$ cat model21.pdb   # PDB, C-alpha atoms and all ligand atoms
ATOM      1  CA  MET A   3     -12.430 -34.839   6.896  1.00  0.00           C
ATOM      2  CA  GLU A   4     -14.652 -32.597   4.819  1.00  0.00           C
ATOM      3  CA  LEU A   5     -13.405 -31.579   1.384  1.00  0.00           C
ATOM      4  CA  TYR A   6     -13.985 -28.145  -0.118  1.00  0.00           C
ATOM      5  CA  ILE A   7     -12.817 -26.885  -3.488  1.00  0.00           C
ATOM      6  CA  ASP A   8     -10.781 -23.661  -3.507  1.00  0.00           C
ATOM      7  CA  THR A   9     -11.838 -21.996  -6.750  1.00  0.00           C
ATOM      8  CA  ALA A  10     -14.316 -19.621  -8.348  1.00  0.00           C
ATOM      9  CA  ASN A  11     -14.323 -21.591 -11.596  1.00  0.00           C
ATOM     10  CA  ILE A  12     -17.841 -22.922 -12.096  1.00  0.00           C
ATOM     11  CA  ASP A  13     -16.799 -25.807 -14.389  1.00  0.00           C
ATOM     12  CA  GLU A  14     -14.318 -27.102 -11.808  1.00  0.00           C
ATOM     13  CA  ILE A  15     -16.972 -26.787  -9.097  1.00  0.00           C
ATOM     14  CA  ARG A  16     -19.474 -28.752 -11.232  1.00  0.00           C
ATOM     15  CA  GLN A  17     -16.898 -31.470 -11.976  1.00  0.00           C
ATOM     16  CA  ALA A  18     -15.877 -31.824  -8.311  1.00  0.00           C
ATOM     17  CA  HIS A  19     -19.541 -31.903  -7.311  1.00  0.00           C
ATOM     18  CA  ASP A  20     -20.224 -34.654  -9.864  1.00  0.00           C
ATOM     19  CA  MET A  21     -17.368 -36.701  -8.327  1.00  0.00           C
ATOM     20  CA  GLY A  22     -19.599 -36.967  -5.238  1.00  0.00           C
ATOM     21  CA  VAL A  23     -16.971 -35.814  -2.748  1.00  0.00           C
ATOM     22  CA  LEU A  24     -17.599 -32.092  -2.443  1.00  0.00           C
ATOM     23  CA  ASP A  25     -18.694 -30.678   0.925  1.00  0.00           C
ATOM     24  CA  GLY A  26     -18.262 -26.967   0.205  1.00  0.00           C
ATOM     25  CA  VAL A  27     -16.465 -24.182  -1.682  1.00  0.00           C
ATOM     26  CA  THR A  28     -14.029 -21.436  -0.728  1.00  0.00           C
ATOM     27  CA  THR A  29     -13.440 -18.369  -2.861  1.00  0.00           C
ATOM     28  CA  ASN A  30     -11.259 -15.315  -2.428  1.00  0.00           C
ATOM     29  CA  PRO A  31     -10.760 -12.013  -4.299  1.00  0.00           C
ATOM     30  CA  SER A  32      -7.764 -13.386  -6.258  1.00  0.00           C
ATOM     31  CA  LEU A  33      -9.761 -16.403  -7.455  1.00  0.00           C
ATOM     32  CA  ILE A  34     -12.689 -14.192  -8.519  1.00  0.00           C
ATOM     33  CA  ALA A  35     -10.318 -11.780 -10.309  1.00  0.00           C
ATOM     34  CA  LYS A  36      -8.880 -14.753 -12.237  1.00  0.00           C
ATOM     35  CA  GLU A  37     -12.373 -15.574 -13.543  1.00  0.00           C
ATOM     36  CA  GLY A  38     -13.127 -11.942 -14.493  1.00  0.00           C
ATOM     37  CA  VAL A  39     -16.730 -12.160 -13.266  1.00  0.00           C
ATOM     38  CA  LYS A  40     -18.845 -10.237 -10.750  1.00  0.00           C
ATOM     39  CA  TYR A  41     -18.462 -11.704  -7.269  1.00  0.00           C
ATOM     40  CA  ALA A  42     -22.198 -11.722  -6.414  1.00  0.00           C
ATOM     41  CA  SER A  43     -23.327 -13.357  -9.648  1.00  0.00           C
ATOM     42  CA  ARG A  44     -20.640 -16.062  -9.431  1.00  0.00           C
ATOM     43  CA  LEU A  45     -21.632 -16.787  -5.825  1.00  0.00           C
ATOM     44  CA  GLU A  46     -25.252 -17.197  -6.943  1.00  0.00           C
ATOM     45  CA  GLU A  47     -24.152 -19.686  -9.616  1.00  0.00           C
ATOM     46  CA  ILE A  48     -21.997 -21.638  -7.144  1.00  0.00           C
ATOM     47  CA  CYS A  49     -24.810 -21.869  -4.599  1.00  0.00           C
ATOM     48  CA  LYS A  50     -27.083 -23.418  -7.237  1.00  0.00           C
ATOM     49  CA  VAL A  51     -24.558 -26.247  -7.752  1.00  0.00           C
ATOM     50  CA  VAL A  52     -23.410 -26.853  -4.167  1.00  0.00           C
ATOM     51  CA  SER A  53     -25.630 -27.153  -1.097  1.00  0.00           C
ATOM     52  CA  GLY A  54     -22.763 -27.045   1.462  1.00  0.00           C
ATOM     53  CA  PRO A  55     -20.997 -23.956   2.854  1.00  0.00           C
ATOM     54  CA  VAL A  56     -19.702 -21.418   0.303  1.00  0.00           C
ATOM     55  CA  SER A  57     -17.175 -18.904   1.643  1.00  0.00           C
ATOM     56  CA  ALA A  58     -17.488 -15.366   0.261  1.00  0.00           C
ATOM     57  CA  GLU A  59     -14.676 -12.999   1.215  1.00  0.00           C
ATOM     58  CA  VAL A  60     -15.032  -9.302   1.977  1.00  0.00           C
ATOM     59  CA  ILE A  61     -12.782  -6.766   0.242  1.00  0.00           C
ATOM     60  CA  ALA A  62     -13.189  -4.123   2.963  1.00  0.00           C
ATOM     61  CA  THR A  63     -10.504  -3.908   5.632  1.00  0.00           C
ATOM     62  CA  ASP A  64     -12.472  -1.834   8.164  1.00  0.00           C
ATOM     63  CA  TYR A  65     -15.199  -3.098  10.517  1.00  0.00           C
ATOM     64  CA  ALA A  66     -18.087  -1.071   9.032  1.00  0.00           C
ATOM     65  CA  GLY A  67     -17.163  -2.034   5.473  1.00  0.00           C
ATOM     66  CA  MET A  68     -16.812  -5.712   6.407  1.00  0.00           C
ATOM     67  CA  MET A  69     -20.256  -5.691   8.036  1.00  0.00           C
ATOM     68  CA  LYS A  70     -21.863  -4.044   4.972  1.00  0.00           C
ATOM     69  CA  GLU A  71     -20.260  -6.415   2.463  1.00  0.00           C
ATOM     70  CA  GLY A  72     -20.742  -9.478   4.631  1.00  0.00           C
ATOM     71  CA  ILE A  73     -24.471  -8.767   5.031  1.00  0.00           C
ATOM     72  CA  GLU A  74     -24.766  -8.364   1.238  1.00  0.00           C
ATOM     73  CA  HIS A  75     -22.963 -11.686   0.659  1.00  0.00           C
ATOM     74  CA  SER A  76     -25.102 -13.461   3.257  1.00  0.00           C
ATOM     75  CA  LYS A  77     -28.307 -12.439   1.449  1.00  0.00           C
ATOM     76  CA  ILE A  78     -27.256 -14.365  -1.688  1.00  0.00           C
ATOM     77  CA  ALA A  79     -28.022 -17.838  -0.272  1.00  0.00           C
ATOM     78  CA  PRO A  80     -28.437 -19.510   3.122  1.00  0.00           C
ATOM     79  CA  GLN A  81     -25.166 -21.471   2.821  1.00  0.00           C
ATOM     80  CA  ILE A  82     -22.974 -18.383   2.386  1.00  0.00           C
ATOM     81  CA  VAL A  83     -20.182 -18.142   4.973  1.00  0.00           C
ATOM     82  CA  VAL A  84     -18.723 -14.644   5.305  1.00  0.00           C
ATOM     83  CA  LYS A  85     -14.949 -14.774   4.948  1.00  0.00           C
ATOM     84  CA  LEU A  86     -13.087 -12.195   7.018  1.00  0.00           C
ATOM     85  CA  PRO A  87      -9.366 -11.572   7.534  1.00  0.00           C
ATOM     86  CA  CYS A  88      -7.631 -12.423  10.831  1.00  0.00           C
ATOM     87  CA  THR A  89      -7.249  -8.774  11.847  1.00  0.00           C
ATOM     88  CA  LEU A  90      -8.615  -6.778  14.787  1.00  0.00           C
ATOM     89  CA  ASP A  91     -11.454  -5.436  12.615  1.00  0.00           C
ATOM     90  CA  GLY A  92     -12.068  -8.940  11.286  1.00  0.00           C
ATOM     91  CA  LEU A  93     -12.313 -10.268  14.850  1.00  0.00           C
ATOM     92  CA  LYS A  94     -14.861  -7.614  15.786  1.00  0.00           C
ATOM     93  CA  ALA A  95     -16.905  -8.333  12.653  1.00  0.00           C
ATOM     94  CA  CYS A  96     -16.684 -12.064  13.436  1.00  0.00           C
ATOM     95  CA  ARG A  97     -18.310 -11.495  16.829  1.00  0.00           C
ATOM     96  CA  SER A  98     -21.045  -9.300  15.313  1.00  0.00           C
ATOM     97  CA  PHE A  99     -21.877 -11.797  12.554  1.00  0.00           C
ATOM     98  CA  SER A 100     -21.803 -14.662  15.015  1.00  0.00           C
ATOM     99  CA  ASP A 101     -24.246 -12.819  17.320  1.00  0.00           C
ATOM    100  CA  GLN A 102     -26.560 -12.404  14.298  1.00  0.00           C
ATOM    101  CA  GLY A 103     -26.360 -16.116  13.454  1.00  0.00           C
ATOM    102  CA  ILE A 104     -24.285 -15.520  10.299  1.00  0.00           C
ATOM    103  CA  LYS A 105     -21.448 -18.028   9.812  1.00  0.00           C
ATOM    104  CA  THR A 106     -17.890 -16.802   9.306  1.00  0.00           C
ATOM    105  CA  ASN A 107     -14.593 -18.127   7.960  1.00  0.00           C
ATOM    106  CA  LEU A 108     -11.581 -16.293   9.403  1.00  0.00           C
ATOM    107  CA  THR A 109      -8.912 -16.371   6.744  1.00  0.00           C
ATOM    108  CA  LEU A 110      -5.193 -15.595   6.412  1.00  0.00           C
ATOM    109  CA  CYS A 111      -4.457 -17.328   9.715  1.00  0.00           C
ATOM    110  CA  PHE A 112      -0.722 -17.785  10.254  1.00  0.00           C
ATOM    111  CA  GLN A 113      -0.437 -18.367  13.995  1.00  0.00           C
ATOM    112  CA  SER A 114      -2.327 -20.422  16.582  1.00  0.00           C
ATOM    113  CA  LEU A 115      -3.214 -17.440  18.766  1.00  0.00           C
ATOM    114  CA  GLN A 116      -5.185 -15.953  15.878  1.00  0.00           C
ATOM    115  CA  ALA A 117      -7.088 -19.247  15.737  1.00  0.00           C
ATOM    116  CA  LEU A 118      -7.745 -19.138  19.488  1.00  0.00           C
ATOM    117  CA  MET A 119      -9.036 -15.552  19.305  1.00  0.00           C
ATOM    118  CA  VAL A 120     -11.378 -16.128  16.364  1.00  0.00           C
ATOM    119  CA  ALA A 121     -12.804 -19.251  18.018  1.00  0.00           C
ATOM    120  CA  LYS A 122     -13.569 -17.145  21.098  1.00  0.00           C
ATOM    121  CA  ALA A 123     -15.313 -14.631  18.789  1.00  0.00           C
ATOM    122  CA  GLY A 124     -17.588 -17.381  17.430  1.00  0.00           C
ATOM    123  CA  ALA A 125     -15.968 -18.191  14.066  1.00  0.00           C
ATOM    124  CA  PHE A 126     -17.523 -21.152  12.230  1.00  0.00           C
ATOM    125  CA  LEU A 127     -14.275 -21.849  10.320  1.00  0.00           C
ATOM    126  CA  VAL A 128     -10.655 -20.779  10.659  1.00  0.00           C
ATOM    127  CA  SER A 129      -8.358 -20.965   7.634  1.00  0.00           C
ATOM    128  CA  PRO A 130      -4.672 -21.580   8.404  1.00  0.00           C
ATOM    129  CA  PHE A 131      -2.616 -21.241   5.191  1.00  0.00           C
ATOM    130  CA  ILE A 132      -0.229 -24.181   4.942  1.00  0.00           C
ATOM    131  CA  GLY A 133       1.459 -23.522   1.591  1.00  0.00           C
ATOM    132  CA  ARG A 134       2.218 -19.861   2.221  1.00  0.00           C
ATOM    133  CA  LEU A 135       4.002 -20.758   5.488  1.00  0.00           C
ATOM    134  CA  ASP A 136       5.982 -23.449   3.651  1.00  0.00           C
ATOM    135  CA  ASP A 137       6.843 -20.792   1.034  1.00  0.00           C
ATOM    136  CA  ILE A 138       8.682 -18.722   3.667  1.00  0.00           C
ATOM    137  CA  GLY A 139      10.528 -21.719   5.114  1.00  0.00           C
ATOM    138  CA  GLN A 140       8.143 -22.455   7.998  1.00  0.00           C
ATOM    139  CA  ASP A 141       6.232 -25.668   8.661  1.00  0.00           C
ATOM    140  CA  GLY A 142       2.623 -25.049   7.602  1.00  0.00           C
ATOM    141  CA  MET A 143       1.440 -28.445   8.800  1.00  0.00           C
ATOM    142  CA  ALA A 144       2.786 -27.747  12.311  1.00  0.00           C
ATOM    143  CA  LEU A 145       0.257 -24.897  12.490  1.00  0.00           C
ATOM    144  CA  ILE A 146      -2.611 -27.301  11.735  1.00  0.00           C
ATOM    145  CA  ARG A 147      -1.434 -29.667  14.495  1.00  0.00           C
ATOM    146  CA  GLU A 148      -1.023 -26.804  16.975  1.00  0.00           C
ATOM    147  CA  ILE A 149      -4.500 -25.358  16.326  1.00  0.00           C
ATOM    148  CA  ARG A 150      -6.019 -28.856  16.571  1.00  0.00           C
ATOM    149  CA  GLN A 151      -4.425 -29.237  20.002  1.00  0.00           C
ATOM    150  CA  VAL A 152      -5.515 -25.796  21.248  1.00  0.00           C
ATOM    151  CA  TYR A 153      -9.110 -26.384  20.105  1.00  0.00           C
ATOM    152  CA  ASP A 154      -9.195 -29.876  21.602  1.00  0.00           C
ATOM    153  CA  ASN A 155      -7.752 -28.611  24.919  1.00  0.00           C
ATOM    154  CA  TYR A 156     -10.745 -26.337  25.393  1.00  0.00           C
ATOM    155  CA  GLY A 157     -13.471 -28.036  23.354  1.00  0.00           C
ATOM    156  CA  LEU A 158     -13.614 -25.087  20.938  1.00  0.00           C
ATOM    157  CA  ARG A 159     -16.044 -25.845  18.134  1.00  0.00           C
ATOM    158  CA  THR A 160     -14.632 -23.686  15.333  1.00  0.00           C
ATOM    159  CA  LYS A 161     -13.700 -25.981  12.454  1.00  0.00           C
ATOM    160  CA  VAL A 162     -10.062 -26.095  11.324  1.00  0.00           C
ATOM    161  CA  LEU A 163     -10.132 -25.550   7.564  1.00  0.00           C
ATOM    162  CA  ALA A 164      -6.677 -26.210   6.104  1.00  0.00           C
ATOM    163  CA  ALA A 165      -6.132 -23.748   3.236  1.00  0.00           C
ATOM    164  CA  SER A 166      -3.343 -22.995   0.777  1.00  0.00           C
ATOM    165  CA  VAL A 167      -3.129 -26.741   0.112  1.00  0.00           C
ATOM    166  CA  ARG A 168      -0.748 -27.204  -2.803  1.00  0.00           C
ATOM    167  CA  HIS A 169      -0.355 -30.965  -3.303  1.00  0.00           C
ATOM    168  CA  THR A 170      -1.684 -34.370  -2.283  1.00  0.00           C
ATOM    169  CA  ASN A 171       0.845 -34.839   0.516  1.00  0.00           C
ATOM    170  CA  HIS A 172      -0.514 -31.669   2.145  1.00  0.00           C
ATOM    171  CA  LEU A 173      -3.994 -33.185   1.881  1.00  0.00           C
ATOM    172  CA  LEU A 174      -2.941 -36.497   3.431  1.00  0.00           C
ATOM    173  CA  GLN A 175      -1.071 -34.741   6.256  1.00  0.00           C
ATOM    174  CA  CYS A 176      -4.188 -32.627   6.956  1.00  0.00           C
ATOM    175  CA  ALA A 177      -6.240 -35.793   7.381  1.00  0.00           C
ATOM    176  CA  LEU A 178      -3.595 -37.307   9.676  1.00  0.00           C
ATOM    177  CA  ALA A 179      -3.406 -34.095  11.743  1.00  0.00           C
ATOM    178  CA  GLY A 180      -7.180 -34.069  12.262  1.00  0.00           C
ATOM    179  CA  ALA A 181      -8.107 -30.981  10.242  1.00  0.00           C
ATOM    180  CA  ASP A 182     -11.910 -30.787  10.072  1.00  0.00           C
ATOM    181  CA  VAL A 183     -11.866 -29.556   6.484  1.00  0.00           C
ATOM    182  CA  ALA A 184      -9.311 -29.103   3.709  1.00  0.00           C
ATOM    183  CA  THR A 185      -9.916 -26.767   0.800  1.00  0.00           C
ATOM    184  CA  CYS A 186      -7.969 -27.671  -2.331  1.00  0.00           C
ATOM    185  CA  PRO A 187      -7.512 -26.661  -5.935  1.00  0.00           C
ATOM    186  CA  PHE A 188      -9.315 -29.023  -8.344  1.00  0.00           C
ATOM    187  CA  SER A 189      -5.943 -30.434  -9.480  1.00  0.00           C
ATOM    188  CA  VAL A 190      -5.265 -31.737  -5.948  1.00  0.00           C
ATOM    189  CA  ILE A 191      -8.759 -33.264  -5.655  1.00  0.00           C
ATOM    190  CA  LYS A 192      -8.294 -35.126  -8.955  1.00  0.00           C
ATOM    191  CA  SER A 193      -4.728 -36.223  -8.117  1.00  0.00           C
ATOM    192  CA  SER A 194      -6.004 -37.841  -4.911  1.00  0.00           C
ATOM    193  CA  MET A 195      -7.552 -40.618  -7.020  1.00  0.00           C
ATOM    194  CA  ILE A 196      -4.598 -41.188  -9.316  1.00  0.00           C
ATOM    195  CA  HIS A 197      -1.916 -43.869  -8.858  1.00  0.00           C
ATOM    196  CA  PRO A 198       0.273 -45.350 -11.620  1.00  0.00           C
ATOM    197  CA  LEU A 199      -0.251 -48.890 -10.264  1.00  0.00           C
ATOM    198  CA  THR A 200      -4.029 -48.439 -10.578  1.00  0.00           C
ATOM    199  CA  ASP A 201      -3.586 -47.478 -14.248  1.00  0.00           C
ATOM    200  CA  SER A 202      -1.092 -50.230 -15.069  1.00  0.00           C
ATOM    201  CA  GLY A 203      -3.255 -52.726 -13.162  1.00  0.00           C
ATOM    202  CA  ILE A 204      -6.300 -51.884 -15.320  1.00  0.00           C
ATOM    203  CA  LYS A 205      -4.158 -52.184 -18.472  1.00  0.00           C
ATOM    204  CA  LYS A 206      -2.883 -55.625 -17.435  1.00  0.00           C
ATOM    205  CA  PHE A 207      -6.373 -56.896 -16.497  1.00  0.00           C
ATOM    206  CA  LEU A 208      -7.704 -55.819 -19.910  1.00  0.00           C
ATOM    207  CA  GLU A 209      -4.743 -57.329 -21.797  1.00  0.00           C
ATOM    208  CA  ASP A 210      -5.148 -60.686 -20.017  1.00  0.00           C
ATOM    209  CA  TYR A 211      -8.903 -60.690 -20.638  1.00  0.00           C
ATOM    210  CA  ARG A 212      -8.497 -59.860 -24.335  1.00  0.00           C
ATOM    211  CA  LYS A 213      -5.799 -62.534 -24.751  1.00  0.00           C
ATOM    212  CA  ALA A 214      -8.141 -65.141 -23.300  1.00  0.00           C
ATOM    213  CA  PHE A 215     -11.416 -64.087 -24.948  1.00  0.00           C
ATOM    214  CA  GLY A 216     -10.385 -61.932 -27.924  1.00  0.00           C
TER     215      GLY A 216
HETATM  216  O1  LIG A 301      -8.320 -19.583  -0.486  1.00  0.00           O
HETATM  217  C1  LIG A 301      -7.197 -19.339   0.266  1.00  0.00           C
HETATM  218  C2  LIG A 301      -6.003 -20.217  -0.013  1.00  0.00           C
HETATM  219  O2  LIG A 301      -6.374 -21.552  -0.153  1.00  0.00           O
HETATM  220  C3  LIG A 301      -5.087 -19.700  -1.078  1.00  0.00           C
HETATM  221  O3  LIG A 301      -4.083 -20.620  -1.426  1.00  0.00           O
HETATM  222  O4  LIG A 301      -2.278 -21.334  -2.953  1.00  0.00           O
HETATM  223  O5  LIG A 301      -3.045 -18.931  -2.975  1.00  0.00           O
HETATM  224  O6  LIG A 301      -1.729 -19.820  -1.059  1.00  0.00           O
HETATM  225  P1  LIG A 301      -2.722 -20.151  -2.149  1.00  0.00           P
END
$ encode --input "model21.pdb" --output "structure tokens"
Amino acid sequence: MELYIDTANIDEIRQAHDMGVLDGVTTNPSLIAKEGVKYASRLEEICKVVSGPVSAEVIATDYAGMMKEGIEHSKIAPQIVVKLPCTLDGLKACRSFSDQGIKTNLTLCFQSLQALMVAKAGAFLVSPFIGRLDDIGQDGMALIREIRQVYDNYGLRTKVLAASVRHTNHLLQCALAGADVATCPFSVIKSSMIHPLTDSGIKKFLEDYRKAFG
């Protein structure tokens, strides 16, 4: 499973990159707003650190606006993936970008039929939001499993990018369900390498060694 970081914070992106496990980055308007920076300049910075796909979301909600913004984003660097919402206008823009050879990430996916439609329209990535479905009492992980099955039934090549990942169990379940990619906050990436028995084991090894050799 590929691992992306879900942030617009450049320090977190650098740290995750230095861990040697980072395959790409996803951003969204909320994450950019949190950083208080210009979207285009932050995307430029990110693309200098990471060579994998970097998702850049459009703000526009209409087809023409999405095309204009998406083209602007795509000019920033070759690895930019234009992030579009799972709406009718987003679907149409997905087809147009795909026909032009520009990769897309169809976001805010909450049902498998949306995933089927965007795959038919040539999406490179689809982003089902696990945590936000859990938040309203539904089973977010069931959506990942369902989309995996639909795509496998028909050999659809759009990658399933599990988004709205909130904790390490989400991440593990994504890997078990066969998600192609998971995008996570930096906290989840770091937590994936932490176990109390690893820490206490190191402590014990060092204590024993010091007792024996001073
Ligand atoms: O980038 C989209 C998604 O990962 C957002 O997650 O936690 O705001 O639902 P969250």
$ closest_atom_pairs --input "model21.pdb" --of "chain A" --to "ligand LIG 301 (chain A)" --cutoff "10 Å" --atoms "only C-alpha atoms and all ligand atoms" --output "tab-separated table"
residue	atom	partner	partner_atom	distance
A:Ile7	CA	A:LIG301	O2	9.0
A:Asp8	CA	A:LIG301	O1	5.6
A:Thr9	CA	A:LIG301	O1	7.6
A:Ala10	CA	A:LIG301	O1	9.9
A:Val27	CA	A:LIG301	O1	9.4
A:Thr28	CA	A:LIG301	O1	6.0
A:Thr29	CA	A:LIG301	O1	5.8
A:Asn30	CA	A:LIG301	O1	5.5
A:Pro31	CA	A:LIG301	O1	8.8
A:Ser32	CA	A:LIG301	O5	8.0
A:Leu33	CA	A:LIG301	O1	7.8
A:Ser57	CA	A:LIG301	O1	9.1
A:Glu59	CA	A:LIG301	O1	9.3
A:Lys85	CA	A:LIG301	O1	9.8
A:Thr109	CA	A:LIG301	C1	7.3
A:Leu110	CA	A:LIG301	C1	7.5
A:Ser129	CA	A:LIG301	C1	7.6
A:Pro130	CA	A:LIG301	C2	8.6
A:Phe131	CA	A:LIG301	C2	6.3
A:Ile132	CA	A:LIG301	O6	7.6
A:Gly133	CA	A:LIG301	O6	5.6
A:Arg134	CA	A:LIG301	O6	5.1
A:Leu135	CA	A:LIG301	O6	8.8
A:Asp136	CA	A:LIG301	O6	9.7
A:Asp137	CA	A:LIG301	O6	8.9
A:Leu163	CA	A:LIG301	O2	9.5
A:Ala164	CA	A:LIG301	O2	7.8
A:Ala165	CA	A:LIG301	O2	4.0
A:Ser166	CA	A:LIG301	O3	3.3
A:Val167	CA	A:LIG301	O2	6.1
A:Arg168	CA	A:LIG301	O4	6.1
A:His169	CA	A:LIG301	O4	9.8
A:Ala184	CA	A:LIG301	O2	9.0
A:Thr185	CA	A:LIG301	O2	6.4
A:Cys186	CA	A:LIG301	O2	6.7
A:Pro187	CA	A:LIG301	O2	7.8
$ resolve_selection --input "model21.pdb" --expression "the PyMOL selection byres (((chain A and resi 95) around 8) and not hetatm)" --output "ChimeraX atom specification"
/A:65,68-69,86,91-94,96-99
$ atom_distance --input "model21.pdb" --atom1 "atom CA of A:Asp182" --atom2 "atom CA of A:Met3"
5.2 Å
$ closest_residue --input "model21.pdb" --among "A:Glu71, A:Asp25, A:Asp201, A:Glu37" --to "A:Val56" --atoms "only C-alpha atoms"
A:Asp25
$ atom_distance --input "model21.pdb" --atom1 "atom CA of A:Ala121" --atom2 "atom CA of A:Ile48"
26.9 Å
$ closest_residue --input "model21.pdb" --among "A:Val190, A:Ile149, A:Leu5, A:Ala18" --to "A:Cys111" --atoms "all atoms listed in the file"
A:Ile149
$ atom_distance --input "model21.pdb" --atom1 "atom CA of A:Val162" --atom2 "atom CA of A:Leu127"
6.1 Å
$ axis_aligned_box --input "model21.pdb" --around "stretch 19-32 of chain A" --padding-each-side "5 Å" --output "JSON"
{"center_x": -14.0, "center_y": -24.5, "center_z": -4.5, "size_x": 22.5, "size_y": 35.0, "size_z": 20.8}
$ residues_around --input "model21.pdb" --residues "stretch 50-53 of chain A" --least-positions-apart "2" --cutoff "9 Å" --atoms "all atoms listed in the file" --output "mmCIF file with C-alpha atoms, keeping the file's coordinate frame"
data_model
loop_
_atom_site.group_PDB
_atom_site.id
_atom_site.type_symbol
_atom_site.label_atom_id
_atom_site.label_comp_id
_atom_site.auth_asym_id
_atom_site.auth_seq_id
_atom_site.Cartn_x
_atom_site.Cartn_y
_atom_site.Cartn_z
ATOM 1 C CA ILE A 12 -17.841 -22.922 -12.096
ATOM 2 C CA ILE A 15 -16.972 -26.787 -9.097
ATOM 3 C CA ARG A 16 -19.474 -28.752 -11.232
ATOM 4 C CA HIS A 19 -19.541 -31.903 -7.311
ATOM 5 C CA LEU A 24 -17.599 -32.092 -2.443
ATOM 6 C CA ASP A 25 -18.694 -30.678 0.925
ATOM 7 C CA GLY A 26 -18.262 -26.967 0.205
ATOM 8 C CA VAL A 27 -16.465 -24.182 -1.682
ATOM 9 C CA LEU A 45 -21.632 -16.787 -5.825
ATOM 10 C CA GLU A 46 -25.252 -17.197 -6.943
ATOM 11 C CA GLU A 47 -24.152 -19.686 -9.616
ATOM 12 C CA ILE A 48 -21.997 -21.638 -7.144
ATOM 13 C CA PRO A 55 -20.997 -23.956 2.854
ATOM 14 C CA VAL A 56 -19.702 -21.418 0.303
ATOM 15 C CA ALA A 79 -28.022 -17.838 -0.272
ATOM 16 C CA GLN A 81 -25.166 -21.471 2.821
#
$ residues_around --input "model21.pdb" --residues "A:Gly180" --least-positions-apart "4" --cutoff "12 Å" --atoms "all atoms listed in the file" --output "PDB file with C-alpha atoms, in the frame of the given file"
ATOM      1  CA  MET A   3     -12.430 -34.839   6.896  1.00  0.00           C
ATOM      2  CA  GLU A   4     -14.652 -32.597   4.819  1.00  0.00           C
ATOM      3  CA  MET A 143       1.440 -28.445   8.800  1.00  0.00           C
ATOM      4  CA  ALA A 144       2.786 -27.747  12.311  1.00  0.00           C
ATOM      5  CA  LEU A 145       0.257 -24.897  12.490  1.00  0.00           C
ATOM      6  CA  ILE A 146      -2.611 -27.301  11.735  1.00  0.00           C
ATOM      7  CA  ARG A 147      -1.434 -29.667  14.495  1.00  0.00           C
ATOM      8  CA  GLU A 148      -1.023 -26.804  16.975  1.00  0.00           C
ATOM      9  CA  ILE A 149      -4.500 -25.358  16.326  1.00  0.00           C
ATOM     10  CA  ARG A 150      -6.019 -28.856  16.571  1.00  0.00           C
ATOM     11  CA  GLN A 151      -4.425 -29.237  20.002  1.00  0.00           C
ATOM     12  CA  TYR A 153      -9.110 -26.384  20.105  1.00  0.00           C
ATOM     13  CA  ASP A 154      -9.195 -29.876  21.602  1.00  0.00           C
ATOM     14  CA  LYS A 161     -13.700 -25.981  12.454  1.00  0.00           C
ATOM     15  CA  VAL A 162     -10.062 -26.095  11.324  1.00  0.00           C
ATOM     16  CA  LEU A 163     -10.132 -25.550   7.564  1.00  0.00           C
ATOM     17  CA  ALA A 164      -6.677 -26.210   6.104  1.00  0.00           C
ATOM     18  CA  LEU A 173      -3.994 -33.185   1.881  1.00  0.00           C
ATOM     19  CA  LEU A 174      -2.941 -36.497   3.431  1.00  0.00           C
ATOM     20  CA  GLN A 175      -1.071 -34.741   6.256  1.00  0.00           C
ATOM     21  CA  CYS A 176      -4.188 -32.627   6.956  1.00  0.00           C
ATOM     22  CA  ALA A 184      -9.311 -29.103   3.709  1.00  0.00           C
TER      23      ALA A 184
END
$ closest_residue --input "model21.pdb" --among "A:His75, A:Lys36, A:Lys105, A:His172" --to "A:Ala125" --atoms "all atoms listed in the file"
A:Lys105
$ closest_residue --input "model21.pdb" --among "A:Val84, A:Val152, A:Asn171, A:Cys49" --to "A:Ala117" --atoms "only C-alpha atoms"
A:Val152
$ closest_residue --input "model21.pdb" --among "A:Ile191, A:Glu209, A:Ser202, A:Ser114" --to "A:Gln17" --atoms "all atoms listed in the file"
A:Ile191
$ closest_residue --input "model21.pdb" --among "A:Lys192, A:Lys70, A:Lys77, A:Lys40" --to "A:Met21" --atoms "all atoms listed in the file"
A:Lys192
$ decode --input "model21.pdb" --residues "stretch 203-210 of chain A" --atoms "N, CA and C atoms" --output "JSON list (two decimals), in the first residue's frame"
[["chain", "number", "residue", "atom", "x", "y", "z"],
["A", 203, "GLY", "N", 11.47, -2.61, 25.66],
["A", 203, "GLY", "CA", 12.50, -3.58, 25.25],
["A", 203, "GLY", "C", 13.85, -2.91, 25.11],
["A", 204, "ILE", "N", 13.88, -1.73, 24.48],
["A", 204, "ILE", "CA", 15.15, -0.98, 24.32],
["A", 204, "ILE", "C", 15.72, -0.63, 25.69],
["A", 205, "LYS", "N", 14.81, -0.17, 26.58],
["A", 205, "LYS", "CA", 15.24, 0.24, 27.94],
["A", 205, "LYS", "C", 15.91, -0.93, 28.65],
["A", 206, "LYS", "N", 15.25, -2.11, 28.57],
["A", 206, "LYS", "CA", 15.77, -3.30, 29.25],
["A", 206, "LYS", "C", 17.11, -3.73, 28.66],
["A", 207, "PHE", "N", 17.22, -3.74, 27.32],
["A", 207, "PHE", "CA", 18.49, -4.10, 26.68],
["A", 207, "PHE", "C", 19.63, -3.21, 27.19],
["A", 208, "LEU", "N", 19.34, -1.88, 27.24],
["A", 208, "LEU", "CA", 20.37, -0.93, 27.66],
["A", 208, "LEU", "C", 20.74, -1.11, 29.12],
["A", 209, "GLU", "N", 19.72, -1.36, 29.97],
["A", 209, "GLU", "CA", 19.98, -1.58, 31.41],
["A", 209, "GLU", "C", 20.88, -2.80, 31.60],
["A", 210, "ASP", "N", 20.53, -3.91, 30.93],
["A", 210, "ASP", "CA", 21.31, -5.15, 31.06],
["A", 210, "ASP", "C", 22.74, -4.93, 30.60]]
